[in-house]
file start-v3.cif (mmCIF, C-alpha atoms)
data_work
loop_
_atom_site.label_atom_id
_atom_site.label_comp_id
_atom_site.auth_asym_id
_atom_site.auth_seq_id
_atom_site.Cartn_x
_atom_site.Cartn_y
_atom_site.Cartn_z
CA MET S 955 17.97 -18.53 0.38
CA LYS S 956 15.37 -18.05 3.12
CA GLU S 957 13.30 -14.89 2.59
CA LYS S 958 13.24 -12.50 5.52
CA TRP S 959 11.00 -9.46 5.85
CA THR S 960 12.42 -6.40 7.59
CA GLY S 961 9.03 -4.69 7.77
CA GLU S 962 10.23 -1.64 5.85
CA ARG S 963 8.91 -2.57 2.40
CA LEU S 964 6.12 -4.95 1.45
CA GLU S 965 7.43 -8.04 -0.32
CA THR S 966 5.43 -10.48 -2.45
CA PHE S 967 6.10 -13.39 -0.10
CA ILE S 968 4.19 -11.52 2.64
CA TYR S 969 0.48 -12.30 3.07
CA SER S 970 -1.03 -10.14 5.79
CA ARG S 971 -3.20 -7.13 6.54
CA ASP S 972 -0.46 -4.95 5.01
CA THR S 973 -0.82 -6.89 1.77
CA ILE S 974 -4.58 -6.33 1.66
CA ASP S 975 -4.35 -2.62 2.46
CA HIS S 976 -1.64 -1.98 -0.13
CA LEU S 977 -3.37 -3.93 -2.90
CA HIS S 978 -6.60 -2.03 -2.26
CA ARG S 979 -4.84 1.29 -2.80
CA TYR S 980 -3.41 0.15 -6.11
CA ALA S 981 -6.85 -1.19 -7.06
CA ILE S 982 -8.51 2.23 -6.75
CA ALA S 983 -5.60 3.84 -8.61
CA LYS S 984 -6.37 1.66 -11.62
CA ASP S 985 -9.60 3.67 -12.11
CA TYR S 986 -7.51 6.66 -13.23
CA ILE S 987 -4.61 5.27 -15.24
CA LYS S 988 -5.93 3.59 -18.40
CA GLY S 989 -3.80 4.77 -21.30
CA LYS S 990 -1.98 7.26 -19.05
CA SER S 991 1.62 7.95 -18.11
CA VAL S 992 2.06 6.95 -14.46
CA LEU S 993 4.73 7.59 -11.84
CA ASP S 994 4.94 5.36 -8.75
CA ILE S 995 6.98 7.11 -6.04
CA ALA S 996 8.64 4.77 -3.52
CA SER S 997 7.83 1.81 -5.75
CA GLY S 998 9.77 -0.61 -3.53
CA GLU S 999 9.71 -4.24 -4.63
CA GLY S 1000 7.89 -3.20 -7.80
CA TYR S 1001 4.71 -5.28 -7.61
CA GLY S 1002 2.48 -2.16 -7.57
CA SER S 1003 4.15 -0.57 -10.58
CA ASN S 1004 3.81 -3.89 -12.37
CA LEU S 1005 0.06 -4.04 -11.60
CA LEU S 1006 -0.41 -0.49 -12.87
CA SER S 1007 1.47 -1.28 -16.09
CA GLN S 1008 -1.33 -3.69 -17.05
CA ASP S 1009 -3.58 -0.70 -17.85
CA ALA S 1010 -1.33 2.35 -18.17
CA ALA S 1011 0.44 3.50 -21.32
CA SER S 1012 3.68 3.75 -19.35
CA VAL S 1013 4.79 3.38 -15.75
CA ILE S 1014 7.93 4.67 -14.04
CA GLY S 1015 8.77 3.29 -10.61
CA VAL S 1016 11.13 5.39 -8.49
CA ASP S 1017 12.75 4.24 -5.26
CA ILE S 1018 15.63 5.56 -3.16
CA ASP S 1019 17.35 2.18 -2.68
CA PRO S 1020 19.58 1.13 -5.64
CA GLU S 1021 19.51 -2.59 -4.81
CA THR S 1022 15.70 -2.57 -4.60
CA VAL S 1023 15.46 -0.80 -7.96
CA LYS S 1024 17.89 -3.26 -9.55
CA ASN S 1025 15.90 -6.26 -8.29
CA ALA S 1026 12.60 -4.75 -9.45
CA GLY S 1027 13.99 -4.24 -12.94
CA LYS S 1028 15.04 -7.88 -13.10
CA LYS S 1029 11.75 -9.23 -11.79
CA TYR S 1030 9.29 -7.10 -13.80
CA LYS S 1031 10.07 -6.68 -17.48
CA ASN S 1032 6.97 -5.24 -19.13
CA SER S 1033 7.83 -3.12 -22.18
CA ASN S 1034 5.99 -0.10 -20.74
CA LEU S 1035 7.60 -0.34 -17.29
CA GLN S 1036 10.85 1.23 -16.05
CA PHE S 1037 12.51 1.59 -12.65
CA PHE S 1038 14.88 4.37 -11.60
CA VAL S 1039 16.78 5.37 -8.48
CA GLY S 1040 15.57 8.63 -7.00
CA SER S 1041 14.08 10.32 -3.96
CA ALA S 1042 10.67 11.87 -3.37
CA ASP S 1043 12.19 15.36 -3.33
CA LEU S 1044 14.44 14.79 -6.36
CA ILE S 1045 12.48 12.80 -8.94
CA PRO S 1046 14.42 11.67 -12.06
CA VAL S 1047 11.52 12.45 -14.42
CA GLU S 1048 10.95 15.24 -16.95
CA SER S 1049 8.70 18.18 -16.07
CA ASP S 1050 5.04 18.12 -17.21
CA SER S 1051 5.34 14.51 -18.37
CA ILE S 1052 3.12 12.50 -15.98
CA ASP S 1053 -0.68 12.07 -15.98
CA VAL S 1054 -1.00 10.23 -12.66
CA VAL S 1055 1.33 10.07 -9.66
CA VAL S 1056 0.75 7.40 -7.03
CA SER S 1057 2.66 7.48 -3.76
CA PHE S 1058 1.56 5.05 -1.08
CA GLU S 1059 3.06 5.14 2.43
CA THR S 1060 5.90 7.50 1.47
CA LEU S 1061 5.39 10.81 3.29
CA GLU S 1062 5.97 9.36 6.74
CA HIS S 1063 9.41 8.02 5.75
CA HIS S 1064 10.97 11.49 5.39
CA ASP S 1065 10.49 15.06 6.58
CA ARG S 1066 10.92 16.95 3.28
CA HIS S 1067 7.20 17.08 2.57
CA GLN S 1068 6.91 20.46 0.88
CA GLU S 1069 10.02 19.72 -1.20
CA MET S 1070 8.34 16.50 -2.32
CA PHE S 1071 5.21 18.39 -3.37
CA PHE S 1072 7.25 20.90 -5.37
CA GLU S 1073 8.59 17.92 -7.32
CA LEU S 1074 5.16 16.30 -7.70
CA LYS S 1075 3.76 19.53 -9.15
CA ARG S 1076 6.76 19.82 -11.46
CA VAL S 1077 6.41 16.36 -13.04
CA LEU S 1078 2.59 16.36 -13.24
CA LYS S 1079 0.85 17.66 -16.32
CA LYS S 1080 -1.56 20.57 -15.80
CA GLU S 1081 -4.55 18.22 -15.76
CA GLY S 1082 -2.71 15.49 -13.80
CA ILE S 1083 -3.87 13.78 -10.63
CA LEU S 1084 -2.09 12.69 -7.45
CA ILE S 1085 -3.17 9.64 -5.42
CA ILE S 1086 -1.29 9.56 -2.13
CA SER S 1087 -1.69 7.79 1.21
CA THR S 1088 -0.16 8.05 4.66
CA PRO S 1089 -0.99 6.82 8.18
CA ASP S 1090 -3.20 9.04 10.31
CA LYS S 1091 -0.92 9.77 13.28
CA LEU S 1092 -3.87 9.98 15.67
CA TYR S 1093 -5.14 6.47 15.02
CA TYR S 1094 -2.00 4.77 13.73
CA SER S 1095 0.34 5.87 16.52
CA ASP S 1096 -1.30 7.88 19.31
CA LYS S 1097 -4.36 5.79 20.08
CA ARG S 1098 -2.46 2.51 19.74
CA ASN S 1099 0.61 3.77 21.62
CA PHE S 1100 2.64 2.48 18.67
CA LYS S 1101 5.90 3.69 17.16
CA ASN S 1102 7.01 2.53 13.73
CA PRO S 1103 10.85 2.56 13.65
CA PHE S 1104 10.88 3.27 9.90
CA HIS S 1105 8.78 6.44 10.15
CA VAL S 1106 10.47 9.84 10.31
CA LYS S 1107 7.53 12.28 10.38
CA GLU S 1108 3.89 11.19 10.56
CA LEU S 1109 1.03 13.61 9.95
CA TYR S 1110 -2.31 14.26 11.59
CA LYS S 1111 -5.29 14.50 9.24
CA ASN S 1112 -5.44 18.32 9.36
CA GLU S 1113 -1.70 18.52 8.56
CA PHE S 1114 -2.14 16.18 5.59
CA GLN S 1115 -5.12 18.18 4.34
CA ASP S 1116 -3.22 21.46 4.70
CA LEU S 1117 -0.33 20.03 2.67
CA ILE S 1118 -2.70 18.92 -0.08
CA SER S 1119 -4.90 22.04 -0.16
CA SER S 1120 -1.90 24.38 -0.30
CA ASN S 1121 -0.68 22.64 -3.46
CA PHE S 1122 -3.84 21.53 -5.31
CA ILE S 1123 -7.18 23.20 -6.08
CA ASN S 1124 -9.38 20.10 -5.76
CA TYR S 1125 -9.04 17.09 -3.50
CA GLN S 1126 -10.94 14.22 -1.92
CA CYS S 1127 -10.04 12.76 1.47
CA LEU S 1128 -10.63 9.04 2.05
CA ASN S 1129 -10.28 6.80 5.10
CA GLN S 1130 -8.99 3.24 4.93
CA LYS S 1131 -10.10 0.72 7.55
CA TYR S 1132 -9.51 -2.98 7.99
CA ILE S 1133 -12.31 -5.28 9.14
CA LYS S 1134 -11.85 -9.03 9.56
CA GLY S 1135 -9.95 -9.78 6.35
CA SER S 1136 -11.28 -6.95 4.20
CA SER S 1137 -10.13 -3.39 3.55
CA ILE S 1138 -12.71 -0.60 3.29
CA ILE S 1139 -11.98 2.76 1.66
CA GLN S 1140 -14.64 5.46 2.02
CA GLU S 1141 -15.14 9.23 2.13
CA ASP S 1142 -13.63 10.84 5.20
CA ASN S 1143 -17.00 12.36 6.15
CA ASP S 1144 -18.83 9.01 5.78
CA ASN S 1145 -18.80 7.34 9.19
CA GLN S 1146 -21.21 4.50 8.46
CA ILE S 1147 -18.71 1.73 9.21
CA ASN S 1148 -17.06 2.62 12.50
CA GLU S 1149 -18.05 -0.38 14.61
CA ILE S 1150 -18.04 -4.14 14.22
CA PHE S 1151 -19.90 -6.62 16.37
CA THR S 1152 -18.57 -10.01 17.46
CA GLY S 1153 -19.78 -12.67 19.87
CA ASP S 1154 -21.62 -15.94 20.33
CA TYR S 1155 -24.69 -17.27 22.16
CA SER S 1156 -23.32 -16.13 25.51
CA ILE S 1157 -21.97 -12.63 24.86
CA LEU S 1158 -21.96 -9.85 22.26
CA ASN S 1159 -19.19 -7.30 21.85
CA LYS S 1160 -18.92 -4.02 19.99
CA ASN S 1161 -15.50 -2.95 18.74
CA GLU S 1162 -14.42 0.35 17.22
CA VAL S 1163 -12.85 0.23 13.76
CA LEU S 1164 -9.97 2.69 13.52
CA PRO S 1165 -9.28 4.44 10.19
CA LEU S 1166 -5.51 3.96 10.32
CA TYR S 1167 -4.74 5.34 6.86
CA LEU S 1168 -5.64 8.47 4.94
CA ILE S 1169 -5.77 8.61 1.14
CA MET S 1170 -5.92 11.83 -0.85
CA LEU S 1171 -6.86 12.28 -4.48
CA ALA S 1172 -5.76 15.72 -5.64
CA SER S 1173 -5.67 17.69 -8.88
CA ASP S 1174 -5.92 21.22 -10.23
CA ASN S 1175 -8.68 19.90 -12.50
CA ASN S 1176 -11.98 18.23 -11.72
CA PHE S 1177 -11.81 14.45 -11.36
CA ILE S 1178 -14.17 11.53 -10.72
CA LYS S 1179 -14.34 10.98 -6.97
CA GLN S 1180 -14.12 7.62 -5.31
CA LYS S 1181 -17.10 5.88 -3.76
CA THR S 1182 -16.88 3.38 -0.90
CA THR S 1183 -14.98 0.28 -2.03
CA ILE S 1184 -14.14 -3.03 -0.38
CA PHE S 1185 -11.17 -5.29 -1.03
CA ASN S 1186 -12.02 -8.88 -0.08
CA GLY S 1187 -8.79 -10.19 1.40
CA TYR S 1188 -9.80 -13.75 2.17
CA ASP S 1189 -7.55 -15.19 -0.56
CA ILE S 1190 -4.64 -13.37 1.09
CA ILE S 1191 -5.64 -14.64 4.53
CA ASP S 1192 -5.79 -18.23 3.20
CA LYS S 1193 -2.25 -17.86 1.87
CA GLU S 1194 -1.12 -16.36 5.18
CA LEU S 1195 -2.56 -19.35 7.08
CA LEU S 1196 -0.91 -21.79 4.66
CA SER S 1197 2.42 -20.01 5.01
CA THR S 1198 2.13 -20.11 8.81
CA PHE S 1199 1.26 -23.82 8.76
CA ARG S 1200 4.27 -24.66 6.59
CA LYS S 1201 6.51 -23.04 9.20
CA SER S 1202 4.96 -25.08 12.02
CA ASN S 1203 6.59 -28.05 13.76
CA SER S 1204 3.64 -30.25 12.77
CA PHE S 1205 4.22 -29.61 9.07
CA ARG S 1206 7.97 -30.12 9.39
CA LEU S 1207 7.49 -33.40 11.24
CA GLY S 1208 4.98 -34.64 8.70
CA ASN S 1209 7.23 -33.65 5.83
CA PHE S 1210 10.15 -35.47 7.49
CA ILE S 1211 8.09 -38.66 7.92
CA LEU S 1212 6.85 -38.58 4.33
CA SER S 1213 10.16 -37.68 2.70
CA PRO S 1214 11.33 -41.35 2.27
CA LEU S 1215 8.02 -42.20 0.60
CA LYS S 1216 8.35 -39.21 -1.72
CA PHE S 1217 11.85 -40.34 -2.66
CA ILE S 1218 10.67 -43.89 -3.43
CA LYS S 1219 7.77 -42.59 -5.50
CA LYS S 1220 10.13 -40.37 -7.50
CA CYS S 1221 12.45 -43.30 -8.18
CA LEU S 1222 9.58 -45.49 -9.43
CA GLN S 1223 8.31 -42.92 -11.89
#

call {"tool": "encode", "arguments": {"input": "start-v3.cif", "output": "structure tokens"}}
result
Amino acid sequence: MKEKWTGERLETFIYSRDTIDHLHRYAIAKDYIKGKSVLDIASGEGYGSNLLSQDAASVIGVDIDPETVKNAGKKYKNSNLQFFVGSADLIPVESDSIDVVVSFETLEHHDRHQEMFFELKRVLKKEGILIISTPDKLYYSDKRNFKNPFHVKELYKNEFQDLISSNFINYQCLNQKYIKGSSIIQEDNDNQINEIFTGDYSILNKNEVLPLYLIMLASDNNFIKQKTTIFNGYDIIDKELLSTFRKSNSFRLGNFILSPLKFIKKCLQ
């Protein structure tokens, strides 16, 4: 069956900027989860929960779509990993049972934000930590004149900060930017990497780098804050180029021409 991406959830046959950005978020989450109980809200296809289960004591992935949850359970079978059907504002997890909650690109898909945070506070242990991301409406939508059909309610940075600060004592705000195949996550007040230069011998250009995504780390306890990190996405880009080439007419023609030779070779083996 030919795989088709709707754009709503990231799938593991997709190699793109979205892949790089999502993997980077899970990469920084791994700093906080070793030996911990982890909850992944809106776990989708399940690849992120699976990655976290490599270091965590236990991981629960929760998603609202029953078919997605069923497929994730079939695909990823680690002994410390479970998937359940549930929503962000009605989480099927016991109170005070989770050390770390991760929730990447979830808030914008519904409008029950405070209800979601009531649930996050309920399931988190007293010393627990939340790692959550969402698009910055200013840069993601307004400045690009872009509308994502899957988004219900996007937040501006001050709205996101107000939501976090009204529910947690301590928090750190991070920006996520994408530059030529790599994702950069840095402190919100660190504006060192805002421009990128391109050009050749005839002309030089300066381009602004937009921080499309916001990431918050929040807890009622003190926690180790993130420094600037970079996810080198060139392996992903190579796979994206290969995937694109295999869909091209040139590849299909070449494969058609070589298919008789492949058949003969197989028969002679």

call {"tool": "resolve_selection", "arguments": {"input": "start-v3.cif", "expression": "the PyMOL selection byres ((chain S and resi 1143) around 9)", "output": "compact mmCIF listing (two decimals) with C-alpha atoms, keeping the file's coordinate frame"}}
result
# COMPACT_ATOMS: atom_id res chain seq x y z
CA CYS S 1127 -10.04 12.76 1.47
CA LEU S 1128 -10.63 9.04 2.05
CA ASN S 1129 -10.28 6.80 5.10
CA GLN S 1140 -14.64 5.46 2.02
CA GLU S 1141 -15.14 9.23 2.13
CA ASP S 1142 -13.63 10.84 5.20
CA ASP S 1144 -18.83 9.01 5.78
CA ASN S 1145 -18.80 7.34 9.19

call {"tool": "closest_atom_pairs", "arguments": {"input": "start-v3.cif", "of": "range 1098-1184 of chain S", "to": "range 975-995 of chain S", "cutoff": "9 Å", "atoms": "all atoms listed in the file", "output": "Markdown table"}}
result
| residue | atom | partner | partner_atom | distance |
| --- | --- | --- | --- | --- |
| S:Gln1130 | CA | S:Asp975 | CA | 7.9 |
| S:Lys1131 | CA | S:Asp975 | CA | 8.4 |
| S:Tyr1132 | CA | S:Asp975 | CA | 7.6 |
| S:Ser1136 | CA | S:Asp975 | CA | 8.4 |
| S:Ser1137 | CA | S:Asp975 | CA | 5.9 |
| S:Ile1138 | CA | S:His978 | CA | 8.4 |
| S:Ile1139 | CA | S:His978 | CA | 8.2 |
| S:Ile1169 | CA | S:Arg979 | CA | 8.4 |
| S:Ile1178 | CA | S:Tyr986 | CA | 8.6 |
| S:Gln1180 | CA | S:Ile982 | CA | 7.9 |
| S:Thr1183 | CA | S:Ile982 | CA | 8.2 |
| S:Ile1184 | CA | S:His978 | CA | 7.8 |

call {"tool": "atom_distance", "arguments": {"input": "start-v3.cif", "atom1": "CA of Gly1040 in chain S", "atom2": "CA of Asn1102 in chain S"}}
result
23.2 Å

call {"tool": "resolve_selection", "arguments": {"input": "start-v3.cif", "expression": "the PyMOL selection byres ((chain S and resi 1019) around 9)", "output": "list in words"}}
result
Gly998, Asp1017, Ile1018, Pro1020, Glu1021, Thr1022, Val1023, Lys1024, Val1039, Gly1040 and Ser1041 of chain S

call {"tool": "write_last_selection", "arguments": {"input": "start-v3.cif", "atoms": "C-alpha atoms", "output": "PDB file, in the coordinates of the input"}}
result
ATOM      1  CA  GLY S 998       9.770  -0.610  -3.530  1.00  0.00           C
ATOM      2  CA  ASP S1017      12.750   4.240  -5.260  1.00  0.00           C
ATOM      3  CA  ILE S1018      15.630   5.560  -3.160  1.00  0.00           C
ATOM      4  CA  PRO S1020      19.580   1.130  -5.640  1.00  0.00           C
ATOM      5  CA  GLU S1021      19.510  -2.590  -4.810  1.00  0.00           C
ATOM      6  CA  THR S1022      15.700  -2.570  -4.600  1.00  0.00           C
ATOM      7  CA  VAL S1023      15.460  -0.800  -7.960  1.00  0.00           C
ATOM      8  CA  LYS S1024      17.890  -3.260  -9.550  1.00  0.00           C
ATOM      9  CA  VAL S1039      16.780   5.370  -8.480  1.00  0.00           C
ATOM     10  CA  GLY S1040      15.570   8.630  -7.000  1.00  0.00           C
ATOM     11  CA  SER S1041      14.080  10.320  -3.960  1.00  0.00           C
TER      12      SER S1041
END

call {"tool": "resolve_selection", "arguments": {"input": "start-v3.cif", "expression": "the PyMOL selection byres ((chain S and resi 1105) around 10)", "output": "PyMOL selection string"}}
result
chain S and resi 962+1059-1065+1089+1101-1104+1106-1108

call {"tool": "write_last_selection", "arguments": {"input": "start-v3.cif", "atoms": "C-alpha atoms", "output": "PDB file, in the coordinates of the input"}}
result
ATOM      1  CA  GLU S 962      10.230  -1.640   5.850  1.00  0.00           C
ATOM      2  CA  GLU S1059       3.060   5.140   2.430  1.00  0.00           C
ATOM      3  CA  THR S1060       5.900   7.500   1.470  1.00  0.00           C
ATOM      4  CA  LEU S1061       5.390  10.810   3.290  1.00  0.00           C
ATOM      5  CA  GLU S1062       5.970   9.360   6.740  1.00  0.00           C
ATOM      6  CA  HIS S1063       9.410   8.020   5.750  1.00  0.00           C
ATOM      7  CA  HIS S1064      10.970  11.490   5.390  1.00  0.00           C
ATOM      8  CA  ASP S1065      10.490  15.060   6.580  1.00  0.00           C
ATOM      9  CA  PRO S1089      -0.990   6.820   8.180  1.00  0.00           C
ATOM     10  CA  LYS S1101       5.900   3.690  17.160  1.00  0.00           C
ATOM     11  CA  ASN S1102       7.010   2.530  13.730  1.00  0.00           C
ATOM     12  CA  PRO S1103      10.850   2.560  13.650  1.00  0.00           C
ATOM     13  CA  PHE S1104      10.880   3.270   9.900  1.00  0.00           C
ATOM     14  CA  VAL S1106      10.470   9.840  10.310  1.00  0.00           C
ATOM     15  CA  LYS S1107       7.530  12.280  10.380  1.00  0.00           C
ATOM     16  CA  GLU S1108       3.890  11.190  10.560  1.00  0.00           C
TER      17      GLU S1108
END

call {"tool": "residues_around", "arguments": {"input": "start-v3.cif", "residues": "Tyr1188 in chain S", "least_positions_apart": "2", "cutoff": "8 Å", "atoms": "all atoms listed in the file", "output": "PyMOL selection string"}}
result
chain S and resi 1135-1136+1186+1190-1192

call {"tool": "atom_distance", "arguments": {"input": "start-v3.cif", "atom1": "CA of Met1170 in chain S", "atom2": "CA of Ile1085 in chain S"}}
result
5.8 Å

call {"tool": "closest_residue", "arguments": {"input": "start-v3.cif", "among": "S:Gln1008, S:Leu1109, S:Leu1035, S:Leu1171", "to": "Tyr1094 in chain S", "atoms": "only C-alpha atoms"}}
result
S:Leu1109

call {"tool": "atom_distance", "arguments": {"input": "start-v3.cif", "atom1": "CA of Gln1036 in chain S", "atom2": "CA of Glu965 in chain S"}}
result
18.6 Å

call {"tool": "decode", "arguments": {"input": "start-v3.cif", "residues": "range 1005-1015 of chain S", "atoms": "all heavy atoms", "output": "short mmCIF file (atom, residue, chain, number, x, y, z; two decimals), in the first residue's frame"}}
result
data_model
loop_
_atom_site.label_atom_id
_atom_site.label_comp_id
_atom_site.auth_asym_id
_atom_site.auth_seq_id
_atom_site.Cartn_x
_atom_site.Cartn_y
_atom_site.Cartn_z
N LEU S 1005 11.54 6.41 21.18
CA LEU S 1005 12.87 6.96 21.44
C LEU S 1005 13.07 7.23 22.93
O LEU S 1005 14.14 6.93 23.49
CB LEU S 1005 13.07 8.25 20.65
CG LEU S 1005 13.28 8.11 19.14
CD1 LEU S 1005 13.22 9.50 18.47
CD2 LEU S 1005 14.63 7.46 18.83
N LEU S 1006 12.06 7.79 23.58
CA LEU S 1006 12.18 8.09 25.00
C LEU S 1006 12.29 6.82 25.84
O LEU S 1006 12.96 6.81 26.88
CB LEU S 1006 10.96 8.90 25.45
CG LEU S 1006 10.80 10.29 24.82
CD1 LEU S 1006 9.50 10.94 25.29
CD2 LEU S 1006 11.98 11.18 25.11
N SER S 1007 11.67 5.75 25.39
CA SER S 1007 11.69 4.49 26.15
C SER S 1007 13.08 3.86 26.21
O SER S 1007 13.32 2.96 27.00
CB SER S 1007 10.69 3.49 25.56
OG SER S 1007 11.13 2.98 24.31
N GLN S 1008 14.00 4.34 25.37
CA GLN S 1008 15.37 3.83 25.40
C GLN S 1008 16.10 4.23 26.68
O GLN S 1008 17.06 3.58 27.09
CB GLN S 1008 16.14 4.33 24.18
CG GLN S 1008 15.59 3.83 22.86
CD GLN S 1008 16.21 4.53 21.66
OE1 GLN S 1008 17.12 5.35 21.80
NE2 GLN S 1008 15.74 4.23 20.47
N ASP S 1009 15.66 5.33 27.33
CA ASP S 1009 16.33 5.82 28.53
C ASP S 1009 15.42 5.87 29.76
O ASP S 1009 15.90 5.84 30.88
CB ASP S 1009 16.87 7.23 28.27
CG ASP S 1009 17.93 7.26 27.19
OD1 ASP S 1009 19.05 6.82 27.46
OD2 ASP S 1009 17.63 7.70 26.07
N ALA S 1010 14.12 5.98 29.55
CA ALA S 1010 13.20 6.13 30.67
C ALA S 1010 12.91 4.79 31.34
O ALA S 1010 13.08 3.72 30.74
CB ALA S 1010 11.88 6.73 30.17
N ALA S 1011 12.44 4.85 32.57
CA ALA S 1011 12.00 3.63 33.25
C ALA S 1011 10.71 3.13 32.64
O ALA S 1011 10.51 1.92 32.45
CB ALA S 1011 11.81 3.91 34.74
N SER S 1012 9.82 4.06 32.31
CA SER S 1012 8.56 3.70 31.66
C SER S 1012 8.06 4.89 30.85
O SER S 1012 8.31 6.04 31.21
CB SER S 1012 7.50 3.31 32.70
OG SER S 1012 7.21 4.41 33.55
N VAL S 1013 7.36 4.59 29.76
CA VAL S 1013 6.79 5.63 28.91
C VAL S 1013 5.36 5.27 28.56
O VAL S 1013 5.07 4.13 28.16
CB VAL S 1013 7.60 5.82 27.61
CG1 VAL S 1013 6.93 6.86 26.71
CG2 VAL S 1013 9.03 6.24 27.92
N ILE S 1014 4.47 6.24 28.72
CA ILE S 1014 3.08 6.09 28.29
C ILE S 1014 2.83 7.11 27.18
O ILE S 1014 3.03 8.31 27.36
CB ILE S 1014 2.10 6.35 29.45
CG1 ILE S 1014 2.27 5.29 30.54
CG2 ILE S 1014 0.65 6.35 28.93
CD1 ILE S 1014 1.45 5.58 31.79
N GLY S 1015 2.40 6.62 26.02
CA GLY S 1015 2.01 7.48 24.92
C GLY S 1015 0.50 7.58 24.87
O GLY S 1015 -0.19 6.56 24.89
#
